[in-house]
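Trainee: So here's structure-v4.txt (compact mmCIF, C-alpha atoms).
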```
# COMPACT_ATOMS: atom_id res chain seq x y z
CA GLU A 1 108.24 157.51 104.83
CA ILE A 2 108.03 161.28 105.38
CA THR A 3 110.76 161.16 108.04
CA SER A 4 113.08 159.29 105.65
CA LEU A 5 112.43 161.76 102.83
CA LEU A 6 113.02 164.74 105.12
CA SER A 7 116.41 163.31 106.06
CA LEU A 8 117.17 162.94 102.33
CA TYR A 9 115.90 166.31 101.08
CA GLY A 10 116.38 168.48 104.16
CA GLY A 11 113.81 169.67 106.65
CA GLN A 12 112.24 168.39 109.83
CA PHE A 13 109.01 168.13 111.76
CA SER A 14 108.06 171.48 113.22
CA GLY A 15 109.27 172.04 116.77
CA GLU A 16 105.79 173.16 117.82
CA GLN A 17 104.22 169.85 116.86
CA GLU A 18 105.13 166.25 117.51
CA ILE A 19 104.39 163.57 114.94
CA ARG A 20 100.70 163.10 115.64
CA VAL A 21 99.53 159.63 114.69
CA ASN A 22 95.90 160.64 115.27
CA SER A 23 95.95 163.51 112.78
CA PRO A 24 96.14 163.47 108.96
CA PHE A 25 97.85 166.90 108.97
CA TRP A 26 101.49 167.45 109.89
CA ILE A 27 103.46 170.68 110.12
CA LEU A 28 106.93 170.47 108.56
CA SER A 29 109.83 172.92 108.43
CA ILE A 30 111.26 172.70 104.89
CA PRO A 31 113.96 175.20 103.76
CA SER A 32 112.54 175.89 100.31
CA GLU A 33 109.59 175.32 98.01
CA GLU A 34 111.90 173.45 95.62
CA MET A 35 112.69 170.91 98.36
CA ALA A 36 108.99 170.57 99.18
CA ARG A 37 108.24 169.81 95.52
CA GLY A 38 111.08 167.27 95.41
CA LEU A 39 109.65 165.51 98.45
CA MET A 40 106.14 165.45 96.97
CA LYS A 41 107.38 163.96 93.68
CA ARG A 42 108.50 160.91 95.65
CA THR A 43 106.07 160.41 98.51
CA VAL A 44 103.28 157.87 98.30
CA CYS A 45 101.78 158.44 101.75
CA ALA A 46 101.31 162.22 101.55
CA LYS A 47 98.62 163.70 99.32
CA SER A 48 99.58 167.38 99.11
CA VAL A 49 101.96 169.95 100.56
CA PHE A 50 100.97 173.54 101.41
CA GLU A 51 102.77 176.70 102.37
CA LEU A 52 101.23 177.28 105.82
CA TRP A 53 99.99 180.84 106.30
CA GLY A 54 98.10 180.30 109.55
CA HIS A 55 96.61 177.70 111.89
CA GLY A 56 94.82 177.43 115.22
CA ARG A 57 92.52 175.40 117.45
CA SER A 58 89.54 177.65 116.60
CA ALA A 59 88.45 179.98 113.81
CA GLY A 60 89.50 182.96 115.94
CA GLU A 61 92.98 181.54 116.47
CA LEU A 62 93.28 180.82 112.73
CA TYR A 63 92.35 184.40 111.77
CA ALA A 64 94.72 185.87 114.36
CA SER A 65 97.51 183.62 113.04
CA LEU A 66 96.79 184.75 109.45
CA GLN A 67 96.99 188.42 110.47
CA ASP A 68 100.43 187.74 111.97
CA TYR A 69 101.72 186.17 108.73
CA PRO A 70 104.06 188.61 106.88
CA VAL A 71 102.16 190.50 104.18
CA ASP A 72 105.23 190.61 101.91
CA LYS A 73 105.12 186.78 101.73
CA MET A 74 101.43 186.85 100.75
CA LEU A 75 101.48 189.61 98.11
CA PRO A 76 103.24 187.73 95.26
CA TYR A 77 100.23 185.36 95.14
CA LEU A 78 97.48 187.99 95.58
CA GLN A 79 98.29 190.39 92.71
CA SER A 80 95.54 191.95 90.61
CA ASP A 81 96.82 190.27 87.43
CA SER A 82 96.53 186.76 88.93
CA THR A 83 93.57 184.42 89.50
CA TYR A 84 92.81 182.25 92.51
CA LYS A 85 90.31 180.00 94.23
CA VAL A 86 89.79 178.81 97.81
CA HIS A 87 89.16 175.12 98.42
CA ILE A 88 87.81 173.69 101.69
CA HIS A 89 88.77 170.22 102.89
CA THR A 90 87.25 168.75 106.06
CA PHE A 91 88.63 165.50 107.44
CA ASN A 92 85.95 163.23 109.01
CA LYS A 93 83.04 165.67 108.39
CA THR A 94 80.95 166.91 105.46
CA LEU A 95 79.96 170.58 105.20
CA THR A 96 77.02 172.05 103.30
CA GLN A 97 77.73 174.49 100.48
CA ALA A 98 76.38 177.33 102.62
CA GLN A 99 78.81 176.46 105.42
CA LYS A 100 81.70 176.43 102.96
CA ILE A 101 80.78 179.83 101.53
CA LYS A 102 80.52 181.27 105.04
CA ARG A 103 84.07 180.11 105.83
CA ILE A 104 85.42 181.56 102.59
CA ASP A 105 83.67 184.90 103.18
CA ALA A 106 85.25 185.10 106.65
CA LEU A 107 88.67 185.43 104.93
CA GLU A 108 87.79 188.78 103.31
CA PHE A 109 90.33 190.53 105.55
CA LEU A 110 93.12 188.94 103.47
CA PRO A 111 94.43 191.32 100.75
CA PHE A 112 93.14 189.38 97.71
CA LYS A 113 93.36 191.61 94.61
CA GLY A 114 93.06 189.10 91.79
CA LYS A 115 89.97 187.54 90.23
CA VAL A 116 88.34 184.25 91.23
CA ASN A 117 88.77 181.46 88.68
CA LEU A 118 87.33 178.10 89.75
CA LYS A 119 88.44 176.12 86.69
CA ASN A 120 92.06 177.06 86.07
CA PRO A 121 93.39 179.45 88.73
CA ASP A 122 97.01 180.60 89.02
CA HIS A 123 96.97 179.98 92.79
CA ILE A 124 94.91 177.65 94.95
CA PHE A 125 94.39 178.23 98.67
CA TRP A 126 93.04 175.63 101.05
CA ILE A 127 91.20 175.72 104.36
CA LEU A 128 91.87 172.41 106.13
CA GLU A 129 89.74 171.34 109.11
CA ASP A 130 90.59 168.36 111.30
CA TYR A 131 87.62 166.67 113.04
CA GLY A 132 89.59 163.74 114.43
CA MET A 133 89.79 160.07 113.41
CA ASP A 134 86.62 158.66 115.03
CA PRO A 135 83.72 158.57 112.54
CA ASN A 136 81.32 157.60 115.34
CA ASN A 137 82.19 160.61 117.49
CA VAL A 138 82.52 163.68 115.25
CA PRO A 139 82.81 166.94 117.24
CA GLU A 140 80.78 170.05 116.39
CA GLU A 141 83.91 172.18 116.06
CA PRO A 142 87.23 171.05 114.52
CA PHE A 143 90.22 170.16 116.69
CA HIS A 144 92.51 172.20 114.45
CA LEU A 145 92.25 174.50 111.41
CA TYR A 146 94.88 175.37 108.80
CA PHE A 147 95.06 177.82 105.89
CA GLY A 148 97.75 177.73 103.23
CA ARG A 149 98.78 177.96 99.60
CA TRP A 150 98.75 174.68 97.72
CA VAL A 151 102.27 173.92 96.46
CA HIS A 152 102.26 170.41 95.01
CA GLY A 153 100.46 167.10 95.05
CA GLN A 154 100.68 163.91 93.02
CA ARG A 155 99.24 160.41 93.17
CA GLU A 156 99.87 159.36 89.55
CA LEU A 157 103.06 157.49 90.47
CA ILE A 158 101.18 154.47 91.82
CA GLU A 159 98.74 154.24 88.91
CA SER A 160 101.41 154.46 86.20
CA TYR A 161 103.35 151.54 87.76
CA SER A 162 100.32 149.36 88.58
CA VAL A 163 101.12 145.62 88.73
CA LYS A 164 97.95 144.96 86.69
CA LYS A 165 99.62 146.54 83.64
CA ARG A 166 103.06 145.01 84.23
CA HIS A 167 104.57 142.70 81.61
CA PHE A 168 106.12 140.13 83.99
CA ILE A 169 104.54 139.25 87.36
CA GLY A 170 104.72 136.42 89.89
CA ASN A 171 102.65 135.08 92.78
CA THR A 172 104.13 137.60 95.19
CA SER A 173 104.86 140.66 93.02
CA MET A 174 104.99 143.69 95.31
CA ASP A 175 102.19 146.23 95.05
CA ALA A 176 103.50 149.42 93.35
CA CYS A 177 102.44 151.64 96.27
CA LEU A 178 104.38 149.55 98.82
CA SER A 179 107.33 149.24 96.46
CA PHE A 180 107.74 153.04 96.29
CA ILE A 181 107.27 153.37 100.07
CA MET A 182 110.12 150.87 100.56
CA ALA A 183 112.41 152.76 98.17
CA ASN A 184 111.65 155.98 100.09
CA HIS A 185 112.41 154.28 103.42
CA GLY A 186 115.71 153.21 101.87
CA ARG A 187 116.41 156.84 100.84
CA VAL A 188 117.24 155.67 97.31
CA LYS A 189 118.73 158.45 95.19
CA PRO A 190 120.31 158.81 91.71
CA ASN A 191 123.44 156.70 91.07
CA ASP A 192 122.93 154.49 94.16
CA VAL A 193 123.40 150.73 93.75
CA VAL A 194 120.39 148.86 95.14
CA TYR A 195 120.25 145.09 95.68
CA ASP A 196 117.37 142.66 96.31
CA PRO A 197 118.51 139.16 97.46
CA PHE A 198 114.99 137.72 96.93
CA VAL A 199 114.36 139.53 93.66
CA GLY A 200 111.53 137.39 92.22
CA THR A 201 110.04 139.26 89.25
CA GLY A 202 111.90 142.47 90.16
CA GLY A 203 109.02 144.61 91.44
CA LEU A 204 111.21 146.27 94.07
CA LEU A 205 113.92 147.05 91.51
CA ILE A 206 111.50 149.11 89.43
CA SER A 207 110.77 151.70 92.13
CA SER A 208 114.49 152.16 92.91
CA ALA A 209 115.32 152.49 89.20
CA HIS A 210 112.57 155.11 88.87
CA PHE A 211 114.51 157.20 91.41
CA GLY A 212 117.71 156.86 89.34
CA ALA A 213 119.45 153.98 91.14
CA TYR A 214 121.27 151.11 89.44
CA VAL A 215 119.59 147.84 90.45
CA CYS A 216 120.48 144.15 90.70
CA GLY A 217 119.22 141.08 92.47
CA THR A 218 119.47 137.34 93.04
CA ASP A 219 116.95 134.55 93.50
CA ILE A 220 117.18 130.81 94.06
CA ASP A 221 114.44 130.09 91.47
CA TYR A 222 116.02 129.54 88.04
CA ASN A 223 112.66 129.68 86.25
CA THR A 224 111.72 133.05 87.76
CA ILE A 225 115.06 134.68 86.92
CA HIS A 226 114.90 133.41 83.34
CA GLY A 227 111.15 133.96 82.90
CA LEU A 228 110.37 130.28 82.27
CA GLY A 229 107.66 127.89 83.41
CA LYS A 230 104.01 128.44 84.34
CA ALA A 231 102.62 131.97 84.26
CA SER A 232 101.10 133.66 87.33
CA ARG A 233 98.65 135.71 85.28
CA LYS A 234 95.06 134.52 84.97
CA ASN A 235 94.13 132.88 81.65
CA GLN A 236 97.79 132.39 80.71
CA LYS A 237 99.33 128.92 80.99
CA TRP A 238 103.04 129.51 80.24
CA ARG A 239 105.29 132.55 80.41
CA GLY A 240 106.12 134.21 77.09
CA PRO A 241 109.63 134.42 75.55
CA ASP A 242 110.15 138.03 76.74
CA GLU A 243 108.72 137.77 80.27
CA ASN A 244 111.66 138.66 82.50
CA ILE A 245 112.96 141.36 84.83
CA ARG A 246 114.78 143.25 82.08
CA ALA A 247 111.52 143.48 80.09
CA ASN A 248 109.76 145.00 83.12
CA LEU A 249 112.36 147.75 83.40
CA ARG A 250 112.26 148.29 79.64
CA GLN A 251 108.47 148.73 79.88
CA TYR A 252 108.99 151.83 82.04
CA GLY A 253 112.02 153.17 80.17
CA LEU A 254 114.38 152.15 82.97
CA GLU A 255 116.48 149.46 81.29
CA LYS A 256 119.66 151.55 81.49
CA TYR A 257 119.54 151.20 85.32
CA TYR A 258 119.40 147.40 85.23
CA LEU A 259 122.71 145.74 86.17
CA ASP A 260 121.68 142.06 86.26
CA ALA A 261 119.79 139.33 88.11
CA LEU A 262 121.59 136.14 89.07
CA VAL A 263 120.48 132.68 90.13
CA SER A 264 121.94 132.38 93.62
CA ASP A 265 121.23 131.14 97.13
CA SER A 266 121.02 134.11 99.52
CA SER A 267 122.38 131.96 102.37
CA ARG A 268 125.66 131.61 100.44
CA PRO A 269 126.87 135.09 99.43
CA ILE A 270 128.57 135.24 96.07
CA TRP A 271 129.93 138.79 96.31
CA ARG A 272 133.53 139.85 96.85
CA LYS A 273 134.25 141.38 100.24
CA GLY A 274 133.60 145.08 100.63
CA MET A 275 130.85 147.64 100.96
CA LEU A 276 129.02 147.33 97.65
CA PHE A 277 125.44 148.50 98.08
CA ASP A 278 123.82 151.81 99.03
CA ALA A 279 120.56 150.08 99.91
CA ILE A 280 119.22 146.53 100.26
CA ILE A 281 115.46 146.45 99.70
CA THR A 282 113.71 143.10 99.78
CA ASP A 283 110.67 141.00 100.64
CA PRO A 284 111.86 137.58 101.89
CA PRO A 285 109.55 134.57 101.36
CA TYR A 286 107.34 133.69 104.35
CA GLY A 287 106.46 130.15 103.22
CA ILE A 288 102.83 131.07 102.39
CA ARG A 289 102.68 131.66 98.62
CA GLU A 290 106.38 131.02 97.99
CA ALA A 291 108.52 128.35 99.65
CA THR A 292 111.46 129.21 101.89
CA ARG A 293 114.34 127.25 100.37
CA ARG A 294 118.10 127.08 100.25
CA MET A 295 120.50 124.71 98.56
CA GLY A 296 121.43 121.36 100.06
CA SER A 297 119.95 118.84 102.46
CA GLN A 298 121.45 118.45 105.92
CA LYS A 299 123.35 115.29 104.86
CA GLU A 300 124.85 116.94 101.84
CA MET A 301 125.86 120.00 103.79
CA VAL A 302 127.95 117.81 106.09
CA LYS A 303 129.46 115.98 103.13
CA SER A 304 130.25 119.18 101.28
CA ALA A 305 132.57 120.19 104.07
CA GLU A 306 134.57 117.00 103.50
CA ARG A 307 134.99 117.21 99.73
CA SER A 308 135.11 119.75 96.95
CA THR A 309 131.71 121.05 95.87
CA GLU A 310 132.82 121.80 92.33
CA ASN A 311 130.33 120.37 89.80
CA HIS A 312 128.09 119.33 92.69
CA ILE A 313 124.37 120.12 92.33
CA PHE A 314 122.62 120.72 95.63
CA VAL A 315 118.99 119.84 96.22
CA SER A 316 116.88 122.38 98.09
CA SER A 317 116.19 122.13 101.82
CA ASN A 318 114.09 124.11 104.28
CA TYR A 319 115.34 127.59 105.10
CA HIS A 320 113.91 128.63 108.46
CA LEU A 321 112.52 132.15 108.68
CA SER A 322 114.74 133.04 111.62
CA ASP A 323 117.81 131.98 109.59
CA ILE A 324 116.60 133.98 106.57
CA PHE A 325 116.42 137.17 108.63
CA PHE A 326 119.75 136.63 110.41
CA ASP A 327 121.52 135.89 107.13
CA LEU A 328 119.91 139.03 105.69
CA LEU A 329 121.04 141.25 108.58
CA LYS A 330 124.54 139.76 108.53
CA PHE A 331 124.77 140.34 104.77
CA ALA A 332 123.55 143.94 105.13
CA ALA A 333 126.02 144.63 107.94
CA GLU A 334 128.87 143.42 105.75
CA TYR A 335 127.94 144.71 102.28
CA LEU A 336 126.10 148.00 102.90
CA VAL A 337 128.01 151.27 102.71
CA MET A 338 128.14 153.27 105.94
CA GLY A 339 124.79 154.99 106.34
CA GLY A 340 123.23 152.60 103.82
CA ARG A 341 119.81 151.18 104.61
CA LEU A 342 118.23 147.74 104.79
CA VAL A 343 114.45 147.68 104.22
CA TYR A 344 112.52 144.40 104.49
CA TRP A 345 109.20 142.85 105.54
CA LEU A 346 108.99 140.73 108.71
CA PRO A 347 105.85 138.52 109.10
CA ILE A 348 104.32 138.56 112.58
CA TYR A 349 101.82 136.43 114.50
CA ARG A 350 100.09 139.30 116.30
CA PRO A 351 99.04 137.59 119.60
CA GLU A 352 102.72 136.81 120.30
CA TYR A 353 104.26 140.03 118.97
CA THR A 354 106.65 142.10 121.08
CA GLU A 355 109.44 144.39 119.89
CA ASP A 356 111.96 141.88 121.31
CA ILE A 357 111.41 139.59 118.31
CA ILE A 358 112.70 142.18 115.81
CA PRO A 359 116.08 140.77 114.68
CA CYS A 360 119.04 143.02 115.52
CA HIS A 361 122.72 143.30 114.65
CA PRO A 362 125.48 145.37 116.32
CA CYS A 363 126.29 147.11 113.02
CA LEU A 364 122.68 148.08 112.25
CA LYS A 365 120.40 150.60 113.95
CA LEU A 366 116.60 150.23 113.81
CA ILE A 367 115.15 153.35 112.13
CA SER A 368 111.47 152.49 111.79
CA ASN A 369 109.02 149.65 112.35
CA CYS A 370 105.63 150.00 110.60
CA GLU A 371 102.74 147.52 110.54
CA GLN A 372 100.60 146.34 107.65
CA MET A 373 97.68 144.10 108.66
CA LEU A 374 97.31 140.81 106.79
CA SER A 375 94.49 139.28 108.83
CA SER A 376 93.01 139.57 112.33
CA HIS A 377 95.89 137.52 113.77
CA THR A 378 98.78 138.14 111.37
CA SER A 379 100.54 141.18 109.99
CA ARG A 380 103.91 142.11 108.57
CA ARG A 381 106.25 144.82 109.78
CA LEU A 382 108.19 147.03 107.40
CA ILE A 383 111.59 147.16 109.09
CA THR A 384 114.11 149.87 108.17
CA MET A 385 117.67 149.65 109.51
CA GLU A 386 120.74 151.80 108.89
CA LYS A 387 124.39 150.73 108.96
CA MET A 388 126.09 152.67 111.76
CA LYS A 389 129.24 150.61 112.42
CA GLU A 390 131.89 148.99 110.26
CA PHE A 391 131.59 145.20 109.98
CA LYS A 392 134.35 143.19 111.69
CA ASP A 393 135.03 139.46 111.64
CA GLN A 394 133.75 139.13 115.22
CA ASP A 395 130.33 140.37 114.03
CA GLN A 396 129.97 137.32 111.75
CA ASN A 397 127.89 135.27 114.21
CA SER A 398 127.00 137.97 116.71
CA HIS A 399 123.33 136.94 116.81
CA LEU A 400 124.28 133.52 118.26
CA LEU A 401 125.77 135.29 121.28
CA ASP A 402 122.66 137.41 121.74
CA GLY A 403 120.58 136.36 124.74
CA GLN A 404 117.45 137.29 122.82
CA TYR A 405 118.15 134.86 119.99
CA MET A 406 115.62 132.25 121.13
CA PRO A 407 112.50 134.47 120.79
CA TYR A 408 113.30 134.92 117.11
CA ARG A 409 112.81 131.19 116.56
CA GLY A 410 109.07 131.89 116.77
CA HIS A 411 109.23 133.18 113.18
CA ASN A 412 109.84 129.60 112.02
CA SER A 413 106.24 128.57 112.79
CA PHE A 414 104.65 131.59 111.11
CA ARG A 415 103.25 129.43 108.30
CA GLU A 416 101.51 127.05 110.72
CA LYS A 417 100.12 129.95 112.76
CA TYR A 418 98.96 131.73 109.61
CA PHE A 419 97.04 128.72 108.34
CA SER A 420 95.70 127.83 111.81
CA GLY A 421 93.86 131.14 111.71
CA VAL A 422 92.54 130.42 108.20
CA THR A 423 91.38 126.95 109.29
CA LYS A 424 89.58 128.39 112.33
CA ARG A 425 87.88 131.03 110.19
CA ILE A 426 86.65 128.44 107.65
CA ALA A 427 85.34 126.23 110.48
CA LYS A 428 83.50 129.21 112.01
CA GLU A 429 81.94 130.15 108.65
CA GLU A 430 80.78 126.55 108.11
CA LYS A 431 79.29 126.49 111.62
CA ASP A 432 77.49 129.78 111.04
CA ASN A 433 76.10 128.52 107.71
CA GLN A 434 74.67 125.45 109.42
CA LYS A 435 72.68 127.55 111.90
```
Show this structure as structure tokens.
Mentor:
Amino acid sequence: EITSLLSLYGGQFSGEQEIRVNSPFWILSIPSEEMARGLMKRTVCAKSVFELWGHGRSAGELYASLQDYPVDKMLPYLQSDSTYKVHIHTFNKTLTQAQKIKRIDALEFLPFKGKVNLKNPDHIFWILEDYGMDPNNVPEEPFHLYFGRWVHGQRELIESYSVKKRHFIGNTSMDACLSFIMANHGRVKPNDVVYDPFVGTGGLLISSAHFGAYVCGTDIDYNTIHGLGKASRKNQKWRGPDENIRANLRQYGLEKYYLDALVSDSSRPIWRKGMLFDAIITDPPYGIREATRRMGSQKEMVKSAERSTENHIFVSSNYHLSDIFFDLLKFAAEYLVMGGRLVYWLPIYRPEYTEDIIPCHPCLKLISNCEQMLSSHTSRRLITMEKMKEFKDQDQNSHLLDGQYMPYRGHNSFREKYFSGVTKRIAKEEKDNQK
């Protein structure tokens, strides 16, 4: 998420530090404080951003680094007419109050001129100490120490858009936190047009609209699009007259960004040819809580090629997971603008997972592949792809020519593998209870 936002706002990971998966602290090079604040207003994964004044692998290195920091950059925040406080944060270790005070006192060489105000200071400074990620093996001394001026932090975004308070929800409404992460991966910005081909109750549209994009979607389920039928909320039997996607966006003051939601089969694109969308952000059905369906049985599909389909109502048939993902990639390759992004979830049976089963397309470049655990044996990968090449007619069925096409077929049995694990777990629990 941070990498995507840096590419949108400007900035990069510091040359002196790689992206360290085993550390909660990252050093970034961002051109201005304004850009840093813009990034923090959007991020869900980062907690705070600081202007780094010094860092090191020991207290001595930290103090030496602080003494090398230009005094003219410090002085605006240390004036006699300002107030301040120093906060200490230790990751994976708890310090006593006496230890904290000792660390603060050791910074007396810094030219603080203002008064301490613990309740409402003008400036807040942080000492950050990294004791690693292993709670069972905490070192005596930290691996790395940082000191900096707190610039911005926010976590209210997730709470204010909580699904629990949302007017219209379904069985698979996307968690608000994940929804904003997906929009950030898609680098959604004001005046973009964002599309969700499996729109459901529109949870993914809300996060994109929050960032100023115009949103639209399609879904095969007539009742969901029109807000009809049985409700998904506990203690509510039927959906109310105003339970629909538009009402959700209205709830958050985002109705002006709502284009429309249409009843449509994603395997049969309804759009005119051309690059229409800046981002496609979606969560395809896996066949667990929502069925994977498309229009028409096999017999009718053959017949439809022989006669006009006007006024013909198709029945739904199975829509294999591998076909869902290939249709999605093909659609993205054709309808995304150049540089536009496709962001979607791919369910995985972990014992069989290799990177070879990630669907690919010659027009799309894989940007990131992140894992969210679902159970001990299943997970889903958040796949982000970017359109790098213009779509040509020969790219229409390019996946069929790909020698790696067969491994993707394994996605089709995800439902069986998912429930096989559930069945085994229930059997084990029953066996343990009998002992």
Trainee: Counting all atoms listed in the file, which residues in segment 109-222 of chain A sit no more than 8 Å from segment 339-346 of chain A? For each one, give the nearest pair of atoms and the distance in Å, sorted by chain then residue number, as JSON lines.
Mentor:
```
{"residue": "A:Met182", "atom": "CA", "partner": "A:Val343", "partner_atom": "CA", "distance": 6.5}
{"residue": "A:His185", "atom": "CA", "partner": "A:Val343", "partner_atom": "CA", "distance": 7.0}
{"residue": "A:Gly186", "atom": "CA", "partner": "A:Arg341", "partner_atom": "CA", "distance": 5.3}
{"residue": "A:Arg187", "atom": "CA", "partner": "A:Arg341", "partner_atom": "CA", "distance": 7.6}
```
Trainee: List every protein, DNA or RNA residue that has an atom no more than 12 Å from (99.1, 160.5, 89.5) in the file's coordinate frame, counting all atoms listed in the file, and report them as a ChimeraX atom specification.
Mentor: /A:40-44,47-48,152-162,177
Trainee: So what do you get for atom CA of Leu78 of chain A versus atom CA of Glu33 of chain A, distance-wise?
Mentor: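 According to the coordinates, atom CA of Leu78 of chain A and atom CA of Glu33 of chain A are separated by 17.7 Å.
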Trainee: For segment 99-109 of chain A, list every protein, DNA or RNA residue within 12 Å, evaluated using all atoms listed in the file, and leave out those in the same chain fewer than 5 positions away; present the list as a PyMOL selection string.
Mentor: chain A and resi 54+59-60+62-64+66-67+71+85-90+93-94+125-129+145+147
Trainee: Grab the atom CA of Asp278 of chain A to atom CA of Lys387 of chain A distance for me, in Å with one decimal place.
Mentor: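 Answer for the atom CA of Asp278 of chain A to atom CA of Lys387 of chain A separation: 10.0 Å.
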Trainee: Compile the contact shell of Thr83 of chain A as an MDAnalysis selection string: residues with an atom at most 6 Å away, counting only C-alpha atoms, same-chain residues fewer than 3 positions apart removed.
Mentor: chainID A and resid 114:117 121:122
Trainee: Using the selection just defined, write its residues with C-alpha atoms as a tab-separated table (two decimals), in the coordinates of the input.
Mentor:
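Below is the file out.tsv, written as the result:
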```tsv
chain	number	residue	atom	x	y	z
A	114	GLY	CA	93.06	189.10	91.79
A	115	LYS	CA	89.97	187.54	90.23
A	116	VAL	CA	88.34	184.25	91.23
A	117	ASN	CA	88.77	181.46	88.68
A	121	PRO	CA	93.39	179.45	88.73
A	122	ASP	CA	97.01	180.60	89.02
```
Trainee: Tell me which of A:Asn137, A:Thr282, A:Thr378, A:Thr224 sits closest to Leu328 of chain A, counting all atoms listed in the file.
Mentor: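 Smallest separation from Leu328 of chain A among the options: A:Thr282.
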Trainee: Would you kindly identify which residues have an atom no farther than 6 Å from (99.9, 145.4, 92.5), using all atoms listed in the file and the file's own coordinates, and write them out as an MDAnalysis selection string?
Mentor: chainID A and resid 162:163 175:176
Trainee: If we count all atoms listed in the file and set the cut-off at 6 Å, which residues sit around segment 372-377 of chain A, ignoring sequence neighbours fewer than 2 positions away in its own chain? Please answer as an MDAnalysis selection string.
Mentor: chainID A and resid 350 379:380
Trainee: What separation in Å, quoted to one decimal, exists between atom CA of Tyr335 of chain A and atom CA of Arg272 of chain A?
Mentor: 9.2 Å
Trainee: Here is a test: counting all atoms listed in the file, which residue of A:Gly217, A:Gly148, A:Pro284, A:Gly212 is nearest to Tyr195 of chain A?
Mentor: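 Using all atoms listed in the file, Tyr195 of chain A sits closest to A:Gly217.
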Trainee: Using all atoms listed in the file, which protein or nucleic acid residues come within 10 Å of Leu259 of chain A? Drop anything in the same chain fewer than 2 positions from it, and give the result as a ChimeraX atom specification.
Mentor: /A:193-195,214-217,246,255-257,261
Trainee: Counting all atoms listed in the file, what are the residues of segment 94-145 of chain A within 10 Å of segment 20-30 of chain A, and for each of them which pair of atoms is the nearest and at what distance in Å, to one decimal? Sort the table by chain and rising number, as a Markdown table.
Mentor:
```
| residue | atom | partner | partner_atom | distance |
| --- | --- | --- | --- | --- |
| A:Leu128 | CA | A:Phe25 | CA | 8.6 |
| A:Glu129 | CA | A:Phe25 | CA | 9.2 |
| A:Asp130 | CA | A:Ser23 | CA | 7.4 |
| A:Tyr131 | CA | A:Ser23 | CA | 8.9 |
| A:Gly132 | CA | A:Ser23 | CA | 6.6 |
| A:Met133 | CA | A:Asn22 | CA | 6.4 |
| A:Asp134 | CA | A:Asn22 | CA | 9.5 |
| A:Phe143 | CA | A:Ser23 | CA | 9.6 |
| A:His144 | CA | A:Phe25 | CA | 9.3 |
| A:Leu145 | CA | A:Phe25 | CA | 9.8 |
```
Trainee: How about saving the chosen residues, C-alpha atoms kept, as a PDB file, in the frame of the given file?
Mentor:
```
ATOM      1  CA  LEU A 128      91.870 172.410 106.130  1.00  0.00           C
ATOM      2  CA  GLU A 129      89.740 171.340 109.110  1.00  0.00           C
ATOM      3  CA  ASP A 130      90.590 168.360 111.300  1.00  0.00           C
ATOM      4  CA  TYR A 131      87.620 166.670 113.040  1.00  0.00           C
ATOM      5  CA  GLY A 132      89.590 163.740 114.430  1.00  0.00           C
ATOM      6  CA  MET A 133      89.790 160.070 113.410  1.00  0.00           C
ATOM      7  CA  ASP A 134      86.620 158.660 115.030  1.00  0.00           C
ATOM      8  CA  PHE A 143      90.220 170.160 116.690  1.00  0.00           C
ATOM      9  CA  HIS A 144      92.510 172.200 114.450  1.00  0.00           C
ATOM     10  CA  LEU A 145      92.250 174.500 111.410  1.00  0.00           C
TER      11      LEU A 145
END
```
Trainee: Neighbouring residues of Leu262 of chain A were defined as those with any atom within 10 Å, considering only C-alpha atoms; residues of the same chain fewer than 6 positions away were excluded. Please report them as a ChimeraX atom specification.
Mentor: /A:197,199,216-222,225-226,270
